[in-house]
Amino acid sequence: RVAAVVSLAGPMVKDASRCVPVAPVSVLHIQGDADESIHVGGGVIGEGAPPYPGTRDTVQTWARKNGCGLRTASAGPNLDLDASPKAPGAETVRERFDDCPASGAVELWTMHGSTHEPEVAGDFARALWAFLEAHPKP
């Protein structure tokens with residue numbers, strides 16, 4: 001029923017075997033590299049909580065579950081999605097995993113200089129909708 005999801009600083013659980021999708025789902029993962037809550041390299045959210053994997057591990061897990069290759073290429077020009085002065089210009093670098101099935105694309109958008117709650121710019125919602133719209137269920 002789910003065709004695609006967008007995650008903003010939403011890591012997976014460290015034990016990826018707990019996630020058993022019945023079909024590929026297109027995934028767009030967006031992460032600020034200056035996020036002070038969800039670290040790019042992984043970590044623990046709170047005392048007693050299970051660890052979460054780093055951003056790259058999270059998207060590679062989705063790529064494997066969807067049957068993609070593990071190489072990435074540009075998914076298009078950089079975007080200016082964060083209006084914060086800490087993330088000037090076109091701070092968002094977009095990567096796409098190769099050889100994904102049509103219904104299981106996986107992309108990573110890294111927002112350089114962005115924190116856990118980026119000051120989203122006007123094109124943020126439009127860019128997310130473009131990803132979701134481009135990945136319907138067959």
# chains A, B, ... in the order shown; residues from 1 in each chain; ligands from 1

$ select_by_dssp --residues "chain A" --states "strand (DSSP E or B)" --output "PyMOL selection string"
chain A and resi 4-8+26-32+43-44+51-52+72-74+79+82+92-97+106-111+120

$ residues_around --residues "Asp98 of chain A" --least-positions-apart "5" --cutoff "12 Å" --atoms "only C-alpha atoms" --output "PyMOL selection string"
chain A and resi 60+63-64+66-75+104-107

$ write_last_selection --atoms "N, CA, C and O atoms" --output "mmCIF file, in the first residue's frame"
data_model
loop_
_atom_site.group_PDB
_atom_site.id
_atom_site.type_symbol
_atom_site.label_atom_id
_atom_site.label_comp_id
_atom_site.auth_asym_id
_atom_site.auth_seq_id
_atom_site.Cartn_x
_atom_site.Cartn_y
_atom_site.Cartn_z
ATOM 1 N N GLN A 60 21.901 2.474 2.966
ATOM 2 C CA GLN A 60 22.399 1.239 2.349
ATOM 3 C C GLN A 60 21.517 0.053 2.728
ATOM 4 O O GLN A 60 21.317 -0.844 1.905
ATOM 5 N N ALA A 63 18.623 0.256 0.488
ATOM 6 C CA ALA A 63 19.033 -0.128 -0.865
ATOM 7 C C ALA A 63 19.117 -1.655 -0.990
ATOM 8 O O ALA A 63 18.627 -2.236 -1.970
ATOM 9 N N ARG A 64 19.712 -2.312 0.001
ATOM 10 C CA ARG A 64 19.791 -3.780 -0.027
ATOM 11 C C ARG A 64 18.403 -4.406 0.031
ATOM 12 O O ARG A 64 18.105 -5.337 -0.716
ATOM 13 N N ASN A 66 15.651 -3.236 -0.978
ATOM 14 C CA ASN A 66 14.926 -2.989 -2.219
ATOM 15 C C ASN A 66 15.564 -3.653 -3.438
ATOM 16 O O ASN A 66 15.017 -3.588 -4.527
ATOM 17 N N GLY A 67 16.738 -4.253 -3.268
ATOM 18 C CA GLY A 67 17.401 -4.911 -4.388
ATOM 19 C C GLY A 67 18.210 -3.976 -5.261
ATOM 20 O O GLY A 67 18.455 -4.270 -6.433
ATOM 21 N N CYS A 68 18.644 -2.853 -4.710
ATOM 22 C CA CYS A 68 19.465 -1.886 -5.455
ATOM 23 C C CYS A 68 20.932 -2.287 -5.397
ATOM 24 O O CYS A 68 21.341 -3.088 -4.560
ATOM 25 N N GLY A 69 21.725 -1.665 -6.245
ATOM 26 C CA GLY A 69 23.170 -1.740 -6.105
ATOM 27 C C GLY A 69 23.588 -0.816 -4.970
ATOM 28 O O GLY A 69 22.778 -0.041 -4.457
ATOM 29 N N LEU A 70 24.850 -0.872 -4.585
ATOM 30 C CA LEU A 70 25.299 -0.040 -3.473
ATOM 31 C C LEU A 70 26.143 1.155 -3.901
ATOM 32 O O LEU A 70 26.649 1.885 -3.072
ATOM 33 N N ARG A 71 26.274 1.352 -5.206
ATOM 34 C CA ARG A 71 26.959 2.555 -5.696
ATOM 35 C C ARG A 71 25.940 3.682 -5.799
ATOM 36 O O ARG A 71 24.751 3.437 -6.035
ATOM 37 N N THR A 72 26.426 4.902 -5.619
ATOM 38 C CA THR A 72 25.537 6.052 -5.762
ATOM 39 C C THR A 72 26.043 6.965 -6.867
ATOM 40 O O THR A 72 27.219 6.953 -7.221
ATOM 41 N N ALA A 73 25.117 7.730 -7.386
ATOM 42 C CA ALA A 73 25.420 8.744 -8.386
ATOM 43 C C ALA A 73 24.580 9.970 -8.055
ATOM 44 O O ALA A 73 23.646 9.894 -7.246
ATOM 45 N N SER A 74 24.875 11.054 -8.691
ATOM 46 C CA SER A 74 24.103 12.271 -8.461
ATOM 47 C C SER A 74 22.642 12.048 -8.849
ATOM 48 O O SER A 74 22.345 11.421 -9.861
ATOM 49 N N ALA A 75 21.747 12.584 -8.023
ATOM 50 C CA ALA A 75 20.318 12.526 -8.333
ATOM 51 C C ALA A 75 19.851 13.866 -8.895
ATOM 52 O O ALA A 75 18.657 14.132 -8.944
ATOM 53 N N GLY A 104 11.307 0.845 -6.076
ATOM 54 C CA GLY A 104 12.146 0.793 -4.883
ATOM 55 C C GLY A 104 13.350 1.707 -4.940
ATOM 56 O O GLY A 104 14.436 1.344 -4.505
ATOM 57 N N ALA A 105 13.181 2.919 -5.459
ATOM 58 C CA ALA A 105 14.291 3.876 -5.526
ATOM 59 C C ALA A 105 14.731 4.268 -4.121
ATOM 60 O O ALA A 105 13.918 4.327 -3.198
ATOM 61 N N VAL A 106 16.021 4.525 -3.967
ATOM 62 C CA VAL A 106 16.559 4.976 -2.682
ATOM 63 C C VAL A 106 17.467 6.171 -2.945
ATOM 64 O O VAL A 106 18.381 6.081 -3.761
ATOM 65 N N GLU A 107 17.165 7.277 -2.249
ATOM 66 C CA GLU A 107 17.984 8.474 -2.381
ATOM 67 C C GLU A 107 18.381 8.980 -1.005
ATOM 68 O O GLU A 107 17.632 8.831 -0.032
#

$ closest_residue --among "A:Leu28, A:Ala34, A:Ala127, A:Val5" --to "Pro77 of chain A" --atoms "only C-alpha atoms"
A:Ala127

$ closest_residue --among "A:Pro53, A:Gly41, A:Gly46, A:Gly122" --to "Ala83 of chain A" --atoms "only C-alpha atoms"
A:Gly122

$ closest_residue --among "A:Ala130, A:Val59, A:Ile30, A:Cys19" --to "His116 of chain A" --atoms "only C-alpha atoms"
A:Ile30

$ closest_residue --among "A:Ala3, A:Val27, A:Val40, A:Met111" --to "Arg96 of chain A" --atoms "only C-alpha atoms"
A:Val27

$ closest_residue --among "A:Val25, A:Met12, A:Val44, A:Ile38" --to "Asp57 of chain A" --atoms "only C-alpha atoms"
A:Met12

$ select_by_dssp --residues "chain A" --states "helix (DSSP H, G or I)" --output "number ranges by chain"
A: 16-18, 55-66, 124-133

$ residues_around --residues "His135 of chain A" --least-positions-apart "5" --cutoff "7 Å" --atoms "only C-alpha atoms" --output "list in words"
Ala3, Ala4, Ser26 and Ser103 of chain A

$ write_last_selection --atoms "C-alpha atoms" --output "PDB file, in the first residue's frame"
ATOM      1  CA  ALA A   3       4.657   3.521  -2.506  1.00  0.00           C
ATOM      2  CA  ALA A   4       7.265   5.900  -1.087  1.00  0.00           C
ATOM      3  CA  SER A  26      10.936   4.028  -2.492  1.00  0.00           C
ATOM      4  CA  SER A 103       9.154   0.758  -7.243  1.00  0.00           C
TER       5      SER A 103
END

$ atom_distance --atom1 "atom CA of Tyr52 of chain A" --atom2 "atom CA of Gln31 of chain A"
13.9 Å

$ closest_residue --among "A:Asn78, A:Ser37, A:Ser17, A:Ser7" --to "Arg94 of chain A" --atoms "only C-alpha atoms"
A:Asn78

$ residues_around --residues "Glu119 of chain A" --least-positions-apart "5" --cutoff "9 Å" --atoms "only C-alpha atoms" --output "mmCIF file with all heavy atoms, in the first residue's frame"
data_model
loop_
_atom_site.group_PDB
_atom_site.id
_atom_site.type_symbol
_atom_site.label_atom_id
_atom_site.label_comp_id
_atom_site.auth_asym_id
_atom_site.auth_seq_id
_atom_site.Cartn_x
_atom_site.Cartn_y
_atom_site.Cartn_z
ATOM 1 N N LEU A 81 17.522 24.074 0.174
ATOM 2 C CA LEU A 81 16.316 23.721 0.923
ATOM 3 C C LEU A 81 16.321 24.240 2.351
ATOM 4 O O LEU A 81 15.315 24.156 3.038
ATOM 5 C CB LEU A 81 16.132 22.195 0.934
ATOM 6 C CG LEU A 81 16.010 21.523 -0.426
ATOM 7 C CD1 LEU A 81 15.835 20.018 -0.257
ATOM 8 C CD2 LEU A 81 14.865 22.119 -1.233
ATOM 9 N N ASP A 82 17.456 24.772 2.819
ATOM 10 C CA ASP A 82 17.573 25.281 4.187
ATOM 11 C C ASP A 82 17.878 26.777 4.114
ATOM 12 O O ASP A 82 18.896 27.181 3.558
ATOM 13 C CB ASP A 82 18.688 24.548 4.938
ATOM 14 C CG ASP A 82 18.730 24.860 6.418
ATOM 15 O OD1 ASP A 82 18.175 25.910 6.838
ATOM 16 O OD2 ASP A 82 19.334 24.077 7.169
ATOM 17 N N ALA A 83 16.985 27.592 4.688
ATOM 18 C CA ALA A 83 17.132 29.042 4.636
ATOM 19 C C ALA A 83 18.056 29.589 5.721
ATOM 20 O O ALA A 83 18.311 30.784 5.774
ATOM 21 C CB ALA A 83 15.755 29.693 4.762
ATOM 22 N N SER A 84 18.588 28.725 6.578
ATOM 23 C CA SER A 84 19.461 29.162 7.663
ATOM 24 C C SER A 84 20.770 29.724 7.118
ATOM 25 O O SER A 84 21.339 29.176 6.169
ATOM 26 C CB SER A 84 19.773 27.986 8.590
ATOM 27 O OG SER A 84 20.826 28.300 9.463
ATOM 28 N N SER A 114 23.138 21.890 7.936
ATOM 29 C CA SER A 114 21.792 21.878 8.509
ATOM 30 C C SER A 114 21.735 21.096 9.815
ATOM 31 O O SER A 114 22.417 20.090 9.982
ATOM 32 C CB SER A 114 20.792 21.263 7.521
ATOM 33 O OG SER A 114 20.685 22.056 6.367
#

$ residues_around --residues "Lys86 of chain A" --least-positions-apart "6" --cutoff "9 Å" --atoms "only C-alpha atoms" --output "list in words"
His112, Gly113, Ser114 and Thr115 of chain A

$ write_last_selection --atoms "N, CA, C and O atoms" --output "compact mmCIF listing (two decimals), in the first residue's frame"
# COMPACT_ATOMS: atom_id res chain seq x y z
N HIS A 112 24.16 20.04 3.95
CA HIS A 112 25.41 20.48 4.58
C HIS A 112 25.19 21.75 5.39
O HIS A 112 24.69 22.74 4.89
N GLY A 113 25.55 21.66 6.68
CA GLY A 113 25.38 22.78 7.60
C GLY A 113 24.04 22.80 8.30
O GLY A 113 23.81 23.63 9.17
N SER A 114 23.14 21.89 7.94
CA SER A 114 21.79 21.88 8.51
C SER A 114 21.73 21.10 9.81
O SER A 114 22.42 20.09 9.98
N THR A 115 20.87 21.57 10.71
CA THR A 115 20.69 20.94 12.01
C THR A 115 19.49 20.00 11.99
O THR A 115 18.92 19.73 10.93

$ residues_around --residues "Thr58 of chain A" --least-positions-apart "3" --cutoff "9 Å" --atoms "only C-alpha atoms" --output "ChimeraX atom specification"
/A:10-14,16,29,52-55,61-63

$ write_last_selection --atoms "N, CA, C and O atoms" --output "compact mmCIF listing (two decimals), in the first residue's frame"
# COMPACT_ATOMS: atom_id res chain seq x y z
N GLY A 10 15.58 10.45 10.23
CA GLY A 10 14.91 9.30 10.83
C GLY A 10 15.69 8.03 10.61
O GLY A 10 15.51 7.35 9.60
N PRO A 11 16.57 7.67 11.54
CA PRO A 11 17.38 6.46 11.35
C PRO A 11 16.56 5.19 11.56
O PRO A 11 15.48 5.21 12.15
N MET A 12 17.08 4.09 11.07
CA MET A 12 16.49 2.78 11.32
C MET A 12 16.96 2.28 12.68
O MET A 12 17.87 2.84 13.27
N VAL A 13 16.36 1.20 13.10
CA VAL A 13 16.91 0.50 14.26
C VAL A 13 18.21 -0.15 13.83
O VAL A 13 18.41 -0.45 12.66
N LYS A 14 19.12 -0.35 14.76
CA LYS A 14 20.43 -0.94 14.43
C LYS A 14 20.28 -2.36 13.88
O LYS A 14 21.01 -2.77 12.99
N ALA A 16 18.67 -4.36 11.57
CA ALA A 16 17.86 -4.24 10.36
C ALA A 16 17.03 -5.48 10.07
O ALA A 16 16.07 -5.42 9.31
N HIS A 29 15.80 9.68 2.10
CA HIS A 29 16.29 10.00 3.45
C HIS A 29 17.02 11.32 3.37
O HIS A 29 17.93 11.50 2.57
N TYR A 52 21.26 3.52 17.13
CA TYR A 52 20.78 3.65 15.76
C TYR A 52 22.00 3.75 14.84
O TYR A 52 23.05 4.23 15.24
N PRO A 53 21.85 3.26 13.62
CA PRO A 53 22.99 3.29 12.68
C PRO A 53 23.20 4.68 12.10
O PRO A 53 22.32 5.55 12.17
N GLY A 54 24.34 4.87 11.49
CA GLY A 54 24.63 6.12 10.80
C GLY A 54 23.77 6.28 9.55
O GLY A 54 23.12 5.34 9.08
N THR A 55 23.78 7.48 9.03
CA THR A 55 22.96 7.81 7.85
C THR A 55 23.28 6.91 6.67
O THR A 55 22.39 6.35 6.04
N THR A 61 21.01 0.05 3.94
CA THR A 61 20.09 -1.02 4.34
C THR A 61 18.84 -1.00 3.47
O THR A 61 18.39 -2.04 2.98
N TRP A 62 18.27 0.19 3.27
CA TRP A 62 17.10 0.28 2.39
C TRP A 62 17.46 -0.14 0.96
O TRP A 62 16.67 -0.83 0.30
N ALA A 63 18.62 0.26 0.49
CA ALA A 63 19.03 -0.13 -0.87
C ALA A 63 19.12 -1.66 -0.99
O ALA A 63 18.63 -2.24 -1.97

$ atom_distance --atom1 "atom CA of Leu79 of chain A" --atom2 "atom CA of Thr92 of chain A"
5.0 Å

$ decode --residues "segment 59-98 of chain A" --atoms "N, CA and C atoms" --output "PDB file, in the first residue's frame"
ATOM      1  N   VAL A  59      20.614   4.213   4.725  1.00  0.00           N
ATOM      2  CA  VAL A  59      20.188   4.187   3.324  1.00  0.00           C
ATOM      3  C   VAL A  59      20.724   2.961   2.592  1.00  0.00           C
ATOM      4  N   GLN A  60      21.901   2.474   2.966  1.00  0.00           N
ATOM      5  CA  GLN A  60      22.399   1.239   2.349  1.00  0.00           C
ATOM      6  C   GLN A  60      21.517   0.053   2.728  1.00  0.00           C
ATOM      7  N   THR A  61      21.007   0.050   3.941  1.00  0.00           N
ATOM      8  CA  THR A  61      20.088  -1.019   4.345  1.00  0.00           C
ATOM      9  C   THR A  61      18.841  -0.999   3.473  1.00  0.00           C
ATOM     10  N   TRP A  62      18.271   0.190   3.266  1.00  0.00           N
ATOM     11  CA  TRP A  62      17.105   0.280   2.387  1.00  0.00           C
ATOM     12  C   TRP A  62      17.455  -0.143   0.961  1.00  0.00           C
ATOM     13  N   ALA A  63      18.623   0.256   0.488  1.00  0.00           N
ATOM     14  CA  ALA A  63      19.033  -0.128  -0.865  1.00  0.00           C
ATOM     15  C   ALA A  63      19.117  -1.655  -0.990  1.00  0.00           C
ATOM     16  N   ARG A  64      19.712  -2.312   0.001  1.00  0.00           N
ATOM     17  CA  ARG A  64      19.791  -3.780  -0.027  1.00  0.00           C
ATOM     18  C   ARG A  64      18.403  -4.406   0.031  1.00  0.00           C
ATOM     19  N   LYS A  65      17.544  -3.929   0.917  1.00  0.00           N
ATOM     20  CA  LYS A  65      16.194  -4.492   1.047  1.00  0.00           C
ATOM     21  C   LYS A  65      15.385  -4.320  -0.238  1.00  0.00           C
ATOM     22  N   ASN A  66      15.651  -3.236  -0.978  1.00  0.00           N
ATOM     23  CA  ASN A  66      14.926  -2.989  -2.219  1.00  0.00           C
ATOM     24  C   ASN A  66      15.564  -3.653  -3.438  1.00  0.00           C
ATOM     25  N   GLY A  67      16.738  -4.253  -3.268  1.00  0.00           N
ATOM     26  CA  GLY A  67      17.401  -4.911  -4.388  1.00  0.00           C
ATOM     27  C   GLY A  67      18.210  -3.976  -5.261  1.00  0.00           C
ATOM     28  N   CYS A  68      18.644  -2.853  -4.710  1.00  0.00           N
ATOM     29  CA  CYS A  68      19.465  -1.886  -5.455  1.00  0.00           C
ATOM     30  C   CYS A  68      20.932  -2.287  -5.397  1.00  0.00           C
ATOM     31  N   GLY A  69      21.725  -1.665  -6.245  1.00  0.00           N
ATOM     32  CA  GLY A  69      23.170  -1.740  -6.105  1.00  0.00           C
ATOM     33  C   GLY A  69      23.588  -0.816  -4.970  1.00  0.00           C
ATOM     34  N   LEU A  70      24.850  -0.872  -4.585  1.00  0.00           N
ATOM     35  CA  LEU A  70      25.299  -0.040  -3.473  1.00  0.00           C
ATOM     36  C   LEU A  70      26.143   1.155  -3.901  1.00  0.00           C
ATOM     37  N   ARG A  71      26.274   1.352  -5.206  1.00  0.00           N
ATOM     38  CA  ARG A  71      26.959   2.555  -5.696  1.00  0.00           C
ATOM     39  C   ARG A  71      25.940   3.682  -5.799  1.00  0.00           C
ATOM     40  N   THR A  72      26.426   4.902  -5.619  1.00  0.00           N
ATOM     41  CA  THR A  72      25.537   6.052  -5.762  1.00  0.00           C
ATOM     42  C   THR A  72      26.043   6.965  -6.867  1.00  0.00           C
ATOM     43  N   ALA A  73      25.117   7.730  -7.386  1.00  0.00           N
ATOM     44  CA  ALA A  73      25.420   8.744  -8.386  1.00  0.00           C
ATOM     45  C   ALA A  73      24.580   9.970  -8.055  1.00  0.00           C
ATOM     46  N   SER A  74      24.875  11.054  -8.691  1.00  0.00           N
ATOM     47  CA  SER A  74      24.103  12.271  -8.461  1.00  0.00           C
ATOM     48  C   SER A  74      22.642  12.048  -8.849  1.00  0.00           C
ATOM     49  N   ALA A  75      21.747  12.584  -8.023  1.00  0.00           N
ATOM     50  CA  ALA A  75      20.318  12.526  -8.333  1.00  0.00           C
ATOM     51  C   ALA A  75      19.851  13.866  -8.895  1.00  0.00           C
ATOM     52  N   GLY A  76      20.779  14.693  -9.306  1.00  0.00           N
ATOM     53  CA  GLY A  76      20.438  15.990  -9.860  1.00  0.00           C
ATOM     54  C   GLY A  76      21.248  17.079  -9.197  1.00  0.00           C
ATOM     55  N   PRO A  77      21.036  18.304  -9.621  1.00  0.00           N
ATOM     56  CA  PRO A  77      21.809  19.411  -9.060  1.00  0.00           C
ATOM     57  C   PRO A  77      21.491  19.612  -7.574  1.00  0.00           C
ATOM     58  N   ASN A  78      22.448  20.202  -6.871  1.00  0.00           N
ATOM     59  CA  ASN A  78      22.223  20.526  -5.462  1.00  0.00           C
ATOM     60  C   ASN A  78      21.036  21.474  -5.346  1.00  0.00           C
ATOM     61  N   LEU A  79      20.371  21.410  -4.191  1.00  0.00           N
ATOM     62  CA  LEU A  79      19.199  22.247  -3.942  1.00  0.00           C
ATOM     63  C   LEU A  79      19.434  23.148  -2.735  1.00  0.00           C
ATOM     64  N   ASP A  80      18.779  24.282  -2.729  1.00  0.00           N
ATOM     65  CA  ASP A  80      18.802  25.187  -1.577  1.00  0.00           C
ATOM     66  C   ASP A  80      17.495  24.965  -0.819  1.00  0.00           C
ATOM     67  N   LEU A  81      17.522  24.074   0.174  1.00  0.00           N
ATOM     68  CA  LEU A  81      16.316  23.721   0.923  1.00  0.00           C
ATOM     69  C   LEU A  81      16.321  24.240   2.351  1.00  0.00           C
ATOM     70  N   ASP A  82      17.456  24.772   2.819  1.00  0.00           N
ATOM     71  CA  ASP A  82      17.573  25.281   4.187  1.00  0.00           C
ATOM     72  C   ASP A  82      17.878  26.777   4.114  1.00  0.00           C
ATOM     73  N   ALA A  83      16.985  27.592   4.688  1.00  0.00           N
ATOM     74  CA  ALA A  83      17.132  29.042   4.636  1.00  0.00           C
ATOM     75  C   ALA A  83      18.056  29.589   5.721  1.00  0.00           C
ATOM     76  N   SER A  84      18.588  28.725   6.578  1.00  0.00           N
ATOM     77  CA  SER A  84      19.461  29.162   7.663  1.00  0.00           C
ATOM     78  C   SER A  84      20.770  29.724   7.118  1.00  0.00           C
ATOM     79  N   PRO A  85      21.287  30.775   7.744  1.00  0.00           N
ATOM     80  CA  PRO A  85      22.602  31.288   7.326  1.00  0.00           C
ATOM     81  C   PRO A  85      23.733  30.287   7.603  1.00  0.00           C
ATOM     82  N   LYS A  86      23.481  29.293   8.442  1.00  0.00           N
ATOM     83  CA  LYS A  86      24.488  28.257   8.711  1.00  0.00           C
ATOM     84  C   LYS A  86      24.601  27.269   7.562  1.00  0.00           C
ATOM     85  N   ALA A  87      23.629  27.296   6.657  1.00  0.00           N
ATOM     86  CA  ALA A  87      23.619  26.382   5.502  1.00  0.00           C
ATOM     87  C   ALA A  87      23.386  27.205   4.237  1.00  0.00           C
ATOM     88  N   PRO A  88      24.358  28.048   3.853  1.00  0.00           N
ATOM     89  CA  PRO A  88      24.147  28.959   2.728  1.00  0.00           C
ATOM     90  C   PRO A  88      24.171  28.265   1.368  1.00  0.00           C
ATOM     91  N   GLY A  89      23.454  28.865   0.438  1.00  0.00           N
ATOM     92  CA  GLY A  89      23.486  28.395  -0.947  1.00  0.00           C
ATOM     93  C   GLY A  89      22.776  27.076  -1.135  1.00  0.00           C
ATOM     94  N   ALA A  90      23.158  26.387  -2.189  1.00  0.00           N
ATOM     95  CA  ALA A  90      22.571  25.093  -2.527  1.00  0.00           C
ATOM     96  C   ALA A  90      23.261  24.018  -1.689  1.00  0.00           C
ATOM     97  N   GLU A  91      22.836  23.893  -0.443  1.00  0.00           N
ATOM     98  CA  GLU A  91      23.503  23.032   0.542  1.00  0.00           C
ATOM     99  C   GLU A  91      23.136  21.561   0.432  1.00  0.00           C
ATOM    100  N   THR A  92      22.061  21.243  -0.250  1.00  0.00           N
ATOM    101  CA  THR A  92      21.571  19.857  -0.266  1.00  0.00           C
ATOM    102  C   THR A  92      22.126  19.087  -1.459  1.00  0.00           C
ATOM    103  N   VAL A  93      22.968  18.101  -1.155  1.00  0.00           N
ATOM    104  CA  VAL A  93      23.565  17.232  -2.176  1.00  0.00           C
ATOM    105  C   VAL A  93      22.695  15.983  -2.280  1.00  0.00           C
ATOM    106  N   ARG A  94      22.289  15.649  -3.497  1.00  0.00           N
ATOM    107  CA  ARG A  94      21.381  14.518  -3.716  1.00  0.00           C
ATOM    108  C   ARG A  94      22.116  13.345  -4.352  1.00  0.00           C
ATOM    109  N   GLU A  95      21.967  12.175  -3.727  1.00  0.00           N
ATOM    110  CA  GLU A  95      22.557  10.939  -4.257  1.00  0.00           C
ATOM    111  C   GLU A  95      21.453   9.913  -4.476  1.00  0.00           C
ATOM    112  N   ARG A  96      21.636   9.086  -5.507  1.00  0.00           N
ATOM    113  CA  ARG A  96      20.687   8.031  -5.837  1.00  0.00           C
ATOM    114  C   ARG A  96      21.449   6.720  -5.930  1.00  0.00           C
ATOM    115  N   PHE A  97      20.911   5.669  -5.342  1.00  0.00           N
ATOM    116  CA  PHE A  97      21.527   4.348  -5.462  1.00  0.00           C
ATOM    117  C   PHE A  97      21.222   3.776  -6.835  1.00  0.00           C
ATOM    118  N   ASP A  98      22.181   3.037  -7.385  1.00  0.00           N
ATOM    119  CA  ASP A  98      22.029   2.507  -8.735  1.00  0.00           C
ATOM    120  C   ASP A  98      21.274   1.186  -8.750  1.00  0.00           C
TER     121      ASP A  98
END
